[in-house]
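Trainee: Got a file for you: data_24.cif, mmCIF, C-alpha atoms.
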```cif
data_data
#
loop_
_atom_site.label_atom_id
_atom_site.label_comp_id
_atom_site.auth_asym_id
_atom_site.auth_seq_id
_atom_site.Cartn_x
_atom_site.Cartn_y
_atom_site.Cartn_z
CA MET A 32 -70.01 60.03 -1.92
CA ILE A 33 -68.53 61.93 -4.92
CA VAL A 34 -70.63 63.96 -7.35
CA ALA A 35 -69.47 66.06 -10.30
CA GLU A 36 -71.98 68.21 -12.20
CA ASN A 37 -70.92 69.78 -15.52
CA LEU A 38 -67.43 70.32 -14.19
CA VAL A 39 -65.31 72.62 -16.38
CA LYS A 40 -61.73 73.83 -15.94
CA GLU A 41 -60.14 76.25 -18.38
CA PHE A 42 -56.64 77.70 -18.50
CA ARG A 43 -55.32 80.79 -20.27
CA ILE A 44 -52.06 79.86 -21.95
CA ALA A 45 -49.69 82.60 -23.11
CA GLU A 46 -48.62 82.26 -26.73
CA ARG A 47 -45.02 83.12 -27.54
CA LYS A 48 -43.71 83.85 -31.01
CA PRO A 49 -40.52 82.05 -32.08
CA GLY A 50 -37.15 83.74 -32.23
CA LEU A 51 -35.57 86.65 -30.38
CA ILE A 52 -37.76 89.29 -32.03
CA GLY A 53 -40.86 87.23 -31.29
CA SER A 54 -39.84 86.87 -27.63
CA LEU A 55 -39.25 90.62 -27.33
CA SER A 56 -42.62 91.40 -28.90
CA THR A 57 -44.41 89.40 -26.20
CA LEU A 58 -43.09 91.87 -23.62
CA PHE A 59 -45.35 94.52 -25.13
CA THR A 60 -48.19 92.52 -26.70
CA ARG A 61 -49.40 89.33 -25.08
CA ARG A 62 -51.72 86.88 -26.74
CA HIS A 63 -53.43 84.02 -24.98
CA ARG A 64 -55.40 80.99 -26.01
CA LEU A 65 -58.03 79.26 -23.92
CA VAL A 66 -57.48 75.57 -23.21
CA ARG A 67 -60.29 73.51 -21.72
CA ALA A 68 -58.72 70.72 -19.66
CA VAL A 69 -62.01 69.41 -18.25
CA ASP A 70 -65.04 69.80 -20.50
CA GLY A 71 -68.41 69.45 -18.74
CA VAL A 72 -67.61 66.29 -16.77
CA SER A 73 -70.49 64.75 -14.80
CA PHE A 74 -70.39 61.54 -12.77
CA GLU A 75 -71.29 59.96 -9.44
CA ILE A 76 -69.08 57.61 -7.42
CA PRO A 77 -70.95 55.76 -4.65
CA ALA A 78 -69.58 55.37 -1.12
CA GLY A 79 -67.43 52.32 -0.59
CA SER A 80 -66.63 51.82 -4.27
CA LYS A 81 -63.20 51.38 -5.86
CA THR A 82 -63.05 53.29 -9.13
CA ALA A 83 -60.25 53.59 -11.66
CA TYR A 84 -60.14 57.06 -13.23
CA ILE A 85 -58.58 56.27 -16.59
CA GLY A 86 -57.38 58.26 -19.57
CA ALA A 87 -54.37 59.02 -21.71
CA ASN A 88 -51.83 61.64 -20.71
CA GLY A 89 -53.52 65.02 -21.10
CA ALA A 90 -57.05 63.63 -20.81
CA GLY A 91 -57.85 65.84 -17.80
CA LYS A 92 -57.57 63.24 -15.02
CA SER A 93 -55.20 65.05 -12.70
CA THR A 94 -57.02 68.35 -13.20
CA THR A 95 -60.29 66.72 -12.12
CA ILE A 96 -58.63 65.12 -9.09
CA LYS A 97 -57.20 68.49 -8.08
CA MET A 98 -60.69 70.02 -8.15
CA LEU A 99 -62.08 67.12 -6.11
CA THR A 100 -59.36 67.58 -3.50
CA GLY A 101 -59.79 71.36 -3.32
CA ILE A 102 -56.45 72.26 -4.89
CA MET A 103 -58.14 73.89 -7.88
CA THR A 104 -61.40 75.78 -8.30
CA PRO A 105 -63.64 74.86 -11.26
CA THR A 106 -64.22 77.43 -13.98
CA SER A 107 -67.88 76.36 -13.87
CA GLY A 108 -69.99 73.50 -12.57
CA ARG A 109 -69.62 72.03 -9.11
CA CYS A 110 -68.47 68.94 -7.30
CA LEU A 111 -69.17 67.43 -3.90
CA VAL A 112 -67.06 65.05 -1.82
CA ALA A 113 -68.84 63.59 1.21
CA GLY A 114 -71.33 66.45 0.93
CA LEU A 115 -68.66 69.19 0.87
CA GLU A 116 -67.55 71.50 -1.93
CA PRO A 117 -63.79 70.89 -1.71
CA TYR A 118 -62.60 74.29 -2.97
CA ARG A 119 -64.98 76.19 -0.65
CA GLU A 120 -64.45 74.08 2.48
CA ARG A 121 -60.82 73.06 2.11
CA GLN A 122 -60.06 72.38 5.79
CA ARG A 123 -63.16 70.26 6.42
CA ASN A 124 -62.62 68.44 3.14
CA ALA A 125 -58.97 67.73 3.98
CA ARG A 126 -60.03 65.86 7.12
CA THR A 127 -62.22 63.46 5.15
CA ILE A 128 -59.81 62.60 2.32
CA GLY A 129 -56.41 61.06 1.81
CA VAL A 130 -54.32 62.01 -1.21
CA VAL A 131 -51.26 60.66 -2.99
CA PHE A 132 -49.79 62.53 -5.95
CA GLY A 133 -46.74 60.85 -7.43
CA GLN A 134 -45.01 64.19 -8.03
CA ARG A 135 -46.16 66.09 -4.92
CA SER A 136 -45.32 65.32 -1.28
CA GLN A 137 -47.52 65.78 1.77
CA LEU A 138 -44.61 65.05 4.10
CA TRP A 139 -42.21 67.57 5.65
CA TRP A 140 -39.16 67.66 3.42
CA ASP A 141 -36.54 68.18 6.14
CA LEU A 142 -38.10 65.90 8.75
CA SER A 143 -38.03 62.15 9.08
CA VAL A 144 -41.06 60.01 8.29
CA PRO A 145 -41.81 59.29 11.99
CA ASP A 146 -41.70 63.03 12.74
CA SER A 147 -44.05 63.74 9.81
CA PHE A 148 -46.44 61.08 11.07
CA ARG A 149 -46.47 62.62 14.56
CA ILE A 150 -47.34 66.02 13.07
CA LEU A 151 -50.11 64.47 10.97
CA ARG A 152 -51.48 62.77 14.07
CA ARG A 153 -51.89 66.17 15.74
CA ILE A 154 -53.32 67.83 12.63
CA TYR A 155 -56.00 65.17 12.21
CA ASP A 156 -56.55 64.54 15.94
CA ILE A 157 -56.07 60.82 15.38
CA PRO A 158 -57.01 58.79 18.50
CA ALA A 159 -54.10 56.87 20.03
CA PRO A 160 -55.61 53.39 19.35
CA VAL A 161 -56.20 54.24 15.67
CA TYR A 162 -52.71 55.68 15.31
CA ARG A 163 -51.07 52.59 16.87
CA ARG A 164 -53.22 50.22 14.81
CA ASN A 165 -52.29 51.90 11.57
CA LEU A 166 -48.58 52.11 12.37
CA ASP A 167 -48.55 48.39 13.18
CA LEU A 168 -50.20 47.72 9.82
CA TYR A 169 -47.65 49.85 7.96
CA ARG A 170 -44.81 48.06 9.73
CA GLU A 171 -46.25 44.73 8.63
CA LEU A 172 -47.06 45.56 5.00
CA LEU A 173 -44.79 48.48 4.05
CA ASP A 174 -41.80 47.91 6.36
CA ILE A 175 -42.13 51.55 7.33
CA ASP A 176 -39.62 51.28 10.21
CA ALA A 177 -36.86 50.62 7.67
CA LEU A 178 -37.06 54.29 6.64
CA GLY A 179 -35.60 55.22 10.02
CA THR A 180 -34.85 58.85 10.81
CA THR A 181 -33.67 59.80 7.33
CA PRO A 182 -35.10 63.17 6.17
CA VAL A 183 -37.76 62.79 3.51
CA ARG A 184 -35.67 64.73 0.98
CA GLN A 185 -32.98 62.01 1.17
CA LEU A 186 -35.32 59.08 0.54
CA SER A 187 -35.46 57.32 -2.79
CA LEU A 188 -38.65 57.62 -4.85
CA GLY A 189 -39.81 54.17 -3.79
CA GLN A 190 -39.13 54.86 -0.11
CA ARG A 191 -40.96 58.17 -0.25
CA MET A 192 -43.97 56.63 -1.98
CA ARG A 193 -44.27 54.04 0.81
CA ALA A 194 -44.40 56.88 3.32
CA GLU A 195 -46.83 58.90 1.18
CA ILE A 196 -49.23 55.96 0.92
CA ALA A 197 -49.10 55.37 4.68
CA ALA A 198 -49.63 59.07 5.38
CA SER A 199 -52.69 59.21 3.11
CA LEU A 200 -54.39 56.47 5.17
CA LEU A 201 -53.11 57.42 8.63
CA HIS A 202 -56.32 59.19 9.71
CA ASP A 203 -58.77 56.62 8.26
CA PRO A 204 -60.15 58.96 5.57
CA ALA A 205 -63.57 58.35 4.06
CA VAL A 206 -62.18 58.88 0.54
CA VAL A 207 -58.70 58.39 -0.92
CA PHE A 208 -57.49 59.87 -4.19
CA TRP A 209 -54.39 58.08 -5.43
CA ASP A 210 -52.61 59.43 -8.53
CA GLU A 211 -49.93 56.95 -9.72
CA PRO A 212 -49.37 55.66 -6.14
CA THR A 213 -47.07 52.73 -6.95
CA ILE A 214 -44.55 54.63 -9.06
CA GLY A 215 -41.04 53.60 -7.99
CA LEU A 216 -42.18 50.52 -6.05
CA ASP A 217 -41.00 46.97 -6.71
CA MET A 218 -43.41 44.09 -7.30
CA VAL A 219 -43.51 43.00 -3.64
CA LEU A 220 -44.34 46.49 -2.37
CA LYS A 221 -46.89 47.04 -5.13
CA GLU A 222 -48.71 43.94 -3.97
CA ALA A 223 -48.51 45.16 -0.35
CA VAL A 224 -50.06 48.49 -1.36
CA ARG A 225 -52.91 46.68 -3.13
CA VAL A 226 -53.53 44.54 -0.04
CA LEU A 227 -53.49 47.66 2.14
CA ILE A 228 -56.06 49.65 0.16
CA ASN A 229 -58.33 46.66 -0.38
CA ARG A 230 -58.24 46.01 3.36
CA ALA A 231 -59.15 49.64 4.11
CA ASN A 232 -62.04 49.41 1.68
CA ARG A 233 -63.28 46.12 3.12
CA GLU A 234 -62.93 46.93 6.82
CA LEU A 235 -63.52 50.70 6.90
CA GLY A 236 -65.64 51.25 3.79
CA THR A 237 -63.04 53.61 2.32
CA THR A 238 -64.01 54.98 -1.10
CA VAL A 239 -61.11 54.68 -3.53
CA VAL A 240 -60.42 56.74 -6.65
CA LEU A 241 -57.31 55.48 -8.44
CA THR A 242 -55.55 57.16 -11.35
CA SER A 243 -52.87 54.90 -12.77
CA HIS A 244 -51.28 53.67 -15.98
CA ASP A 245 -50.35 50.43 -14.20
CA ILE A 246 -52.84 47.88 -15.52
CA ALA A 247 -52.04 45.47 -12.68
CA ASP A 248 -52.96 48.12 -10.09
CA ILE A 249 -56.30 48.78 -11.78
CA ALA A 250 -57.14 45.08 -12.12
CA ALA A 251 -56.15 44.23 -8.52
CA ILE A 252 -57.88 47.17 -6.83
CA CYS A 253 -60.82 48.49 -8.83
CA HIS A 254 -64.25 47.10 -9.64
CA SER A 255 -65.45 50.01 -11.75
CA ALA A 256 -63.91 52.40 -14.25
CA LEU A 257 -64.47 56.03 -15.19
CA VAL A 258 -62.80 56.77 -18.53
CA VAL A 259 -62.09 60.30 -19.76
CA ASP A 260 -60.99 61.31 -23.23
CA GLN A 261 -60.08 64.90 -24.15
CA GLY A 262 -61.63 66.20 -20.94
CA ARG A 263 -64.95 64.33 -21.25
CA VAL A 264 -66.30 61.14 -19.68
CA VAL A 265 -66.63 58.47 -22.37
CA HIS A 266 -67.39 55.47 -20.16
CA GLN A 267 -68.55 54.78 -16.62
CA GLY A 268 -69.36 51.30 -15.39
CA SER A 269 -67.80 48.05 -14.27
CA ILE A 270 -64.44 46.85 -15.54
CA GLN A 271 -66.26 44.01 -17.33
CA GLU A 272 -68.50 46.51 -19.13
CA LEU A 273 -65.39 48.43 -20.17
CA LEU A 274 -63.85 45.29 -21.63
CA ARG A 275 -66.93 44.76 -23.78
CA THR A 276 -66.33 48.12 -25.50
CA ALA A 277 -63.26 46.76 -27.34
CA ASP A 278 -63.22 47.74 -31.02
CA ARG A 279 -61.36 44.56 -31.98
CA ARG A 280 -61.79 40.97 -30.78
CA SER A 281 -59.70 37.85 -31.30
CA VAL A 282 -60.07 34.17 -32.10
CA LEU A 283 -57.20 31.68 -31.90
CA PHE A 284 -57.21 28.26 -33.55
CA ASP A 285 -55.20 25.17 -34.50
CA HIS A 286 -56.06 22.99 -37.49
CA ARG A 287 -55.20 19.50 -38.66
CA ASP A 288 -53.55 18.87 -42.03
CA GLY A 289 -54.81 21.38 -44.59
CA PRO A 290 -52.76 24.41 -45.71
CA ALA A 291 -49.52 25.55 -44.12
CA PRO A 292 -49.87 28.28 -41.46
CA GLU A 293 -48.88 31.10 -43.82
CA ALA A 294 -51.35 29.91 -46.43
CA ALA A 295 -54.04 29.50 -43.76
CA CYS A 296 -53.51 33.11 -42.64
CA ALA A 297 -53.85 34.31 -46.24
CA ARG A 298 -57.06 32.27 -46.67
CA VAL A 299 -58.57 33.83 -43.53
CA GLU A 300 -57.71 37.39 -44.55
CA GLN A 301 -59.09 36.81 -48.05
CA GLY A 302 -62.33 35.28 -46.78
CA LEU A 303 -62.92 37.79 -43.98
CA PRO A 304 -62.13 41.28 -45.31
CA GLY A 305 -60.79 43.63 -42.65
CA VAL A 306 -59.38 40.95 -40.33
CA ARG A 307 -55.72 40.31 -39.58
CA ALA A 308 -54.40 36.76 -39.23
CA THR A 309 -50.99 36.13 -37.66
CA LEU A 310 -49.03 33.15 -36.36
CA THR A 311 -48.41 33.18 -32.60
CA ASP A 312 -45.24 31.99 -30.89
CA GLY A 313 -47.13 28.87 -29.78
CA GLY A 314 -47.95 27.91 -33.35
CA ARG A 315 -51.63 28.94 -33.28
CA ILE A 316 -53.22 31.29 -35.75
CA ARG A 317 -54.62 34.48 -34.21
CA ILE A 318 -57.42 36.33 -35.96
CA ASP A 319 -58.02 39.95 -34.94
CA TYR A 320 -61.32 41.21 -36.30
CA PRO A 321 -63.33 44.45 -36.02
CA ALA A 322 -66.17 43.91 -33.54
CA ASP A 323 -68.52 46.17 -35.50
CA ARG A 324 -68.19 43.99 -38.62
CA PHE A 325 -68.03 40.40 -37.35
CA THR A 326 -69.08 38.40 -34.31
CA SER A 327 -67.07 35.55 -32.84
CA ARG A 328 -69.84 33.20 -34.03
CA GLN A 329 -69.41 34.37 -37.62
CA VAL A 330 -65.65 33.92 -37.45
CA LEU A 331 -66.03 30.46 -35.91
CA ALA A 332 -68.55 29.42 -38.60
CA PHE A 333 -66.07 30.52 -41.29
CA LEU A 334 -63.30 28.45 -39.70
CA LEU A 335 -65.47 25.34 -39.26
CA ASP A 336 -66.45 25.53 -42.92
CA ARG A 337 -62.88 25.77 -44.23
CA PHE A 338 -60.57 24.06 -41.71
CA ASP A 339 -60.41 20.80 -39.77
CA LEU A 340 -60.13 22.49 -36.35
CA ALA A 341 -58.11 20.87 -33.56
CA ASP A 342 -58.65 23.73 -31.11
CA CYS A 343 -60.40 27.09 -31.15
CA TYR A 344 -61.24 29.70 -28.55
CA ALA A 345 -62.17 33.38 -28.30
CA PRO A 346 -60.40 35.08 -25.37
CA GLU A 347 -61.95 38.10 -23.72
CA PRO A 348 -60.18 41.35 -24.66
CA GLY A 349 -57.61 42.42 -22.11
CA LEU A 350 -57.84 45.67 -20.18
CA GLU A 351 -54.52 46.78 -21.63
CA ASP A 352 -55.82 46.29 -25.19
CA VAL A 353 -59.01 48.26 -24.48
CA LEU A 354 -57.10 51.13 -22.90
CA ARG A 355 -54.65 51.17 -25.79
CA GLU A 356 -57.60 51.69 -28.13
CA ILE A 357 -58.96 54.51 -25.96
CA TYR A 358 -55.58 56.19 -25.66
CA GLY A 359 -55.04 55.88 -29.41
CA ARG A 360 -58.37 57.56 -30.15
CA SER A 361 -57.48 60.44 -27.83
CA ARG A 362 -54.44 61.60 -29.79
CA VAL A 363 -55.08 65.12 -31.10
CA PRO A 364 -52.76 67.61 -32.82
CA ALA A 365 -50.61 69.56 -30.40
CA GLY A 366 -52.07 72.95 -29.56
CA ALA A 367 -55.52 72.12 -30.92
CA GLU A 368 -58.23 74.35 -29.56
CA GLY A 369 -59.99 72.77 -26.59
CA GLY A 370 -57.25 70.15 -26.06
CA ALA A 371 -56.63 68.93 -22.51
CA VAL A 372 -53.56 69.81 -20.48
#
```
Rewrite the coordinates I just gave you, this time as structure tokens.

Mentor:
Amino acid sequence: MIVAENLVKEFRIAERKPGLIGSLSTLFTRRHRLVRAVDGVSFEIPAGSKTAYIGANGAGKSTTIKMLTGIMTPTSGRCLVAGLEPYRERQRNARTIGVVFGQRSQLWWDLSVPDSFRILRRIYDIPAPVYRRNLDLYRELLDIDALGTTPVRQLSLGQRMRAEIAASLLHDPAVVFWDEPTIGLDMVLKEAVRVLINRANRELGTTVVLTSHDIADIAAICHSALVVDQGRVVHQGSIQELLRTADRRSVLFDHRDGPAPEAACARVEQGLPGVRATLTDGGRIRIDYPADRFTSRQVLAFLLDRFDLADCYAPEPGLEDVLREIYGRSRVPAGAEGGAV
């Protein structure tokens, strides 16, 4: 459904010298630096899948989405969405996709939501039964009628996002690109949005590409993940495969008698160089160890040899922890050559 082949996007950024004299000098002599926001990205997203497109701020996610939706043209490489090159066939591509950008509206600013929907119905030639079915669904899940006839510009962020989400699905698109779609929504509406997109995927086969920093959205919607770091793809696979890439793992345990908790933590850190042992709020001892140095079996064997264990378990790393590691690795000095924007 979606194919990217060596996709590159570069921007020329004007450099300005500090101070009044520096600002005046740029009027006569301009210098630019080249920033590569997307650096040779290649991937395939199959039809009917639900993929989280993940990365830290500045990793190149939004730039890639804009090329896939036809808003931007690649510097080099190519991409296809449902067999179309988005930036060459913008009108045909627009009919097959639905888009939500948290900071950009597809609704008419001075019109009400119902009026915007009626215009979208004409633009997309939506059959009357499909239009009525979708409106009934939005009334049920998003309480869309509560927006009334208020102009879009007077809606709150949460109200506008409800309308944006509904508008992106109004014409039953084959692919939806959602960039931070639940920003401004409360917990109840976030859950409704997740139900809505999962239903579209299940019943219509809608392909979903989700960009979000909301871990709950990713976990509730997506089965696979595409992770970018500094403009390059660093992981593509299932969410479970992503979790297994964690640099650090954990083991939690209780013990009978023996040393006090503080002394037990010190014994663990002394016996397993490079690990960190801390006391949890529940009274257990948590061991965080580097996955490239120890296995959970080695840590457990150490504990069995030195403590009378009452309880011990090794939880799977959480998605939030894994993403925190990825985002931490992506930090680069500001203005570094080749950094993403």

Trainee: List the residues selected by the PyMOL selection byres ((chain A and resi 194) around 9) in the file shown, writing them as a PyMOL selection string.

Mentor: chain A and resi 138+144+173+175+178+183+189-193+195-199

Trainee: Quick one: apply the PyMOL selection byres ((chain A and resi 299) around 12) to the file and drop the selected residues here as a PyMOL selection string.

Mentor: chain A and resi 282-284+290+292-298+300-310+316-320+330-338

Trainee: Decode the PyMOL selection byres ((chain A and resi 342) around 6) for the given file into explicit residues and return them as a ChimeraX atom specification.

Mentor: /A:284-285,340-341,343

Trainee: Measure the distance from CA of Val239 (chain A) to CA of Leu257 (chain A) in Å and round it to one decimal.

Mentor: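 Taking CA of Val239 (chain A) and CA of Leu257 (chain A), their separation equals 12.2 Å.
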
Trainee: Measuring between all atoms listed in the file, which one of A:Tyr169, A:Gly268, A:Asp339, A:Pro182 shows the shortest distance to Asp288 (chain A)?

Mentor: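 Selected residue with least distance to Asp288 (chain A): A:Asp339.
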
Trainee: Which one of A:Ala251, A:His266, A:Gly314, A:Thr94 sits closest to His286 (chain A) if you count all atoms listed in the file?

Mentor: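 Ranked by minimum distance to His286 (chain A), first place goes to A:Gly314.
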
Trainee: Can you tell me, as an NGL selection string, what residues are no more than 8 Å from Gly179 (chain A) when counting all atoms listed in the file, ignoring any on the same chain fewer than 2 positions away?

Mentor: :A and (143-145 or 175-177 or 181)

Trainee: Figure out the distance between CA of Ala45 (chain A) and CA of Val258 (chain A), please, to one decimal in Å.

Mentor: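 Atom-to-atom, CA of Val258 (chain A) to CA of Ala45 (chain A), that is 29.3 Å.
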
Trainee: Considering all atoms listed in the file, can you say which of A:Ser93, A:Gln185, A:Asn88, A:Thr106 comes closest to Leu65 (chain A)?

Mentor: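 Among A:Ser93, A:Gln185, A:Asn88, A:Thr106, it is A:Thr106 that comes nearest to Leu65 (chain A).
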
Trainee: Would you mind telling me which residue in A:Ala90, A:Leu274, A:Met98, A:Ala250 lies nearest to Phe208 (chain A) when using all atoms listed in the file?

Mentor: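 Between A:Ala90, A:Leu274, A:Met98, A:Ala250, the residue approaching Phe208 (chain A) most closely is A:Met98.
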
Trainee: Provide the CA of Leu354 (chain A) to CA of Gly108 (chain A) distance in Å, to one decimal place.

Mentor: 27.8 Å

Trainee: Which of these, A:His254, A:Glu347, A:Gly313, A:Pro321, has the shortest distance to Ser80 (chain A) once you count all atoms listed in the file?

Mentor: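 Of the candidates, the smallest distance to Ser80 (chain A) is held by A:His254.
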
Trainee: Could you list, as a list in words, every residue within 6 Å of region 118-133 of chain A, counting all atoms listed in the file and ignoring same-chain residues fewer than 3 positions away?

Mentor: Gly101, Thr104, Ser199, Pro204, Ala205, Val206, Val207, Phe208, Trp209, Asp210, Glu211 and Pro212 of chain A

Trainee: Go through A:Asp203, A:Asp174, A:Asp141, A:Asp217 one by one, measure the shortest atom-to-atom distance of each to Arg230 (chain A) using all atoms listed in the file, and give the residue with the smallest value.

Mentor: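 Of all the options, A:Asp203 lies closest to Arg230 (chain A).
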
Trainee: Give me the residues near Glu41 (chain A) as number ranges by chain, where near means some atom within 6 Å (using all atoms listed in the file) and where sequence neighbours in that chain fewer than 4 positions away do not count.

Mentor: A: 66-68

Trainee: Kindly complete region 268-291 of chain A to N, CA and C atoms; the output should be written as a PDB file, in the coordinates of the input.

Mentor:
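Okay, rebuild_9.pdb is ready:
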```pdb
ATOM      1  N   GLY A 268     -68.715  52.572 -15.678  1.00  0.00           N
ATOM      2  CA  GLY A 268     -69.360  51.300 -15.390  1.00  0.00           C
ATOM      3  C   GLY A 268     -68.351  50.328 -14.825  1.00  0.00           C
ATOM      4  N   SER A 269     -68.695  49.069 -14.817  1.00  0.00           N
ATOM      5  CA  SER A 269     -67.800  48.050 -14.270  1.00  0.00           C
ATOM      6  C   SER A 269     -66.628  47.816 -15.223  1.00  0.00           C
ATOM      7  N   ILE A 270     -65.576  47.200 -14.701  1.00  0.00           N
ATOM      8  CA  ILE A 270     -64.440  46.850 -15.540  1.00  0.00           C
ATOM      9  C   ILE A 270     -64.884  45.895 -16.649  1.00  0.00           C
ATOM     10  N   GLN A 271     -65.772  44.952 -16.321  1.00  0.00           N
ATOM     11  CA  GLN A 271     -66.260  44.010 -17.330  1.00  0.00           C
ATOM     12  C   GLN A 271     -66.999  44.728 -18.454  1.00  0.00           C
ATOM     13  N   GLU A 272     -67.801  45.736 -18.097  1.00  0.00           N
ATOM     14  CA  GLU A 272     -68.500  46.510 -19.130  1.00  0.00           C
ATOM     15  C   GLU A 272     -67.504  47.259 -20.007  1.00  0.00           C
ATOM     16  N   LEU A 273     -66.429  47.742 -19.404  1.00  0.00           N
ATOM     17  CA  LEU A 273     -65.390  48.430 -20.170  1.00  0.00           C
ATOM     18  C   LEU A 273     -64.744  47.485 -21.170  1.00  0.00           C
ATOM     19  N   LEU A 274     -64.481  46.259 -20.743  1.00  0.00           N
ATOM     20  CA  LEU A 274     -63.850  45.290 -21.630  1.00  0.00           C
ATOM     21  C   LEU A 274     -64.715  45.001 -22.854  1.00  0.00           C
ATOM     22  N   ARG A 275     -66.034  45.064 -22.669  1.00  0.00           N
ATOM     23  CA  ARG A 275     -66.930  44.760 -23.780  1.00  0.00           C
ATOM     24  C   ARG A 275     -66.995  45.879 -24.821  1.00  0.00           C
ATOM     25  N   THR A 276     -66.332  47.013 -24.541  1.00  0.00           N
ATOM     26  CA  THR A 276     -66.330  48.120 -25.500  1.00  0.00           C
ATOM     27  C   THR A 276     -65.191  47.998 -26.519  1.00  0.00           C
ATOM     28  N   ALA A 277     -64.420  46.918 -26.449  1.00  0.00           N
ATOM     29  CA  ALA A 277     -63.260  46.760 -27.340  1.00  0.00           C
ATOM     30  C   ALA A 277     -63.680  46.844 -28.798  1.00  0.00           C
ATOM     31  N   ASP A 278     -62.927  47.602 -29.591  1.00  0.00           N
ATOM     32  CA  ASP A 278     -63.220  47.740 -31.020  1.00  0.00           C
ATOM     33  C   ASP A 278     -62.840  46.475 -31.796  1.00  0.00           C
ATOM     34  N   ARG A 279     -61.833  45.751 -31.285  1.00  0.00           N
ATOM     35  CA  ARG A 279     -61.360  44.560 -31.980  1.00  0.00           C
ATOM     36  C   ARG A 279     -61.394  43.365 -31.024  1.00  0.00           C
ATOM     37  N   ARG A 280     -61.760  42.213 -31.548  1.00  0.00           N
ATOM     38  CA  ARG A 280     -61.790  40.970 -30.780  1.00  0.00           C
ATOM     39  C   ARG A 280     -60.864  39.964 -31.459  1.00  0.00           C
ATOM     40  N   SER A 281     -60.645  38.836 -30.783  1.00  0.00           N
ATOM     41  CA  SER A 281     -59.700  37.850 -31.300  1.00  0.00           C
ATOM     42  C   SER A 281     -60.269  36.439 -31.218  1.00  0.00           C
ATOM     43  N   VAL A 282     -59.822  35.610 -32.133  1.00  0.00           N
ATOM     44  CA  VAL A 282     -60.070  34.170 -32.100  1.00  0.00           C
ATOM     45  C   VAL A 282     -58.747  33.481 -32.423  1.00  0.00           C
ATOM     46  N   LEU A 283     -58.415  32.453 -31.650  1.00  0.00           N
ATOM     47  CA  LEU A 283     -57.200  31.680 -31.900  1.00  0.00           C
ATOM     48  C   LEU A 283     -57.594  30.246 -32.231  1.00  0.00           C
ATOM     49  N   PHE A 284     -56.860  29.636 -33.189  1.00  0.00           N
ATOM     50  CA  PHE A 284     -57.210  28.260 -33.550  1.00  0.00           C
ATOM     51  C   PHE A 284     -56.001  27.476 -34.041  1.00  0.00           C
ATOM     52  N   ASP A 285     -56.110  26.144 -33.897  1.00  0.00           N
ATOM     53  CA  ASP A 285     -55.200  25.170 -34.500  1.00  0.00           C
ATOM     54  C   ASP A 285     -56.015  24.352 -35.503  1.00  0.00           C
ATOM     55  N   HIS A 286     -55.350  23.843 -36.546  1.00  0.00           N
ATOM     56  CA  HIS A 286     -56.060  22.990 -37.490  1.00  0.00           C
ATOM     57  C   HIS A 286     -55.192  21.802 -37.865  1.00  0.00           C
ATOM     58  N   ARG A 287     -55.882  20.720 -38.259  1.00  0.00           N
ATOM     59  CA  ARG A 287     -55.200  19.500 -38.660  1.00  0.00           C
ATOM     60  C   ARG A 287     -54.997  19.501 -40.180  1.00  0.00           C
ATOM     61  N   ASP A 288     -53.843  18.994 -40.591  1.00  0.00           N
ATOM     62  CA  ASP A 288     -53.550  18.870 -42.030  1.00  0.00           C
ATOM     63  C   ASP A 288     -53.827  20.209 -42.729  1.00  0.00           C
ATOM     64  N   GLY A 289     -54.443  20.161 -43.889  1.00  0.00           N
ATOM     65  CA  GLY A 289     -54.810  21.380 -44.590  1.00  0.00           C
ATOM     66  C   GLY A 289     -53.614  22.232 -44.973  1.00  0.00           C
ATOM     67  N   PRO A 290     -53.837  23.528 -45.235  1.00  0.00           N
ATOM     68  CA  PRO A 290     -52.760  24.410 -45.710  1.00  0.00           C
ATOM     69  C   PRO A 290     -51.741  24.719 -44.619  1.00  0.00           C
ATOM     70  N   ALA A 291     -50.557  25.101 -45.048  1.00  0.00           N
ATOM     71  CA  ALA A 291     -49.520  25.550 -44.120  1.00  0.00           C
ATOM     72  C   ALA A 291     -49.993  26.814 -43.404  1.00  0.00           C
TER      73      ALA A 291
END
```
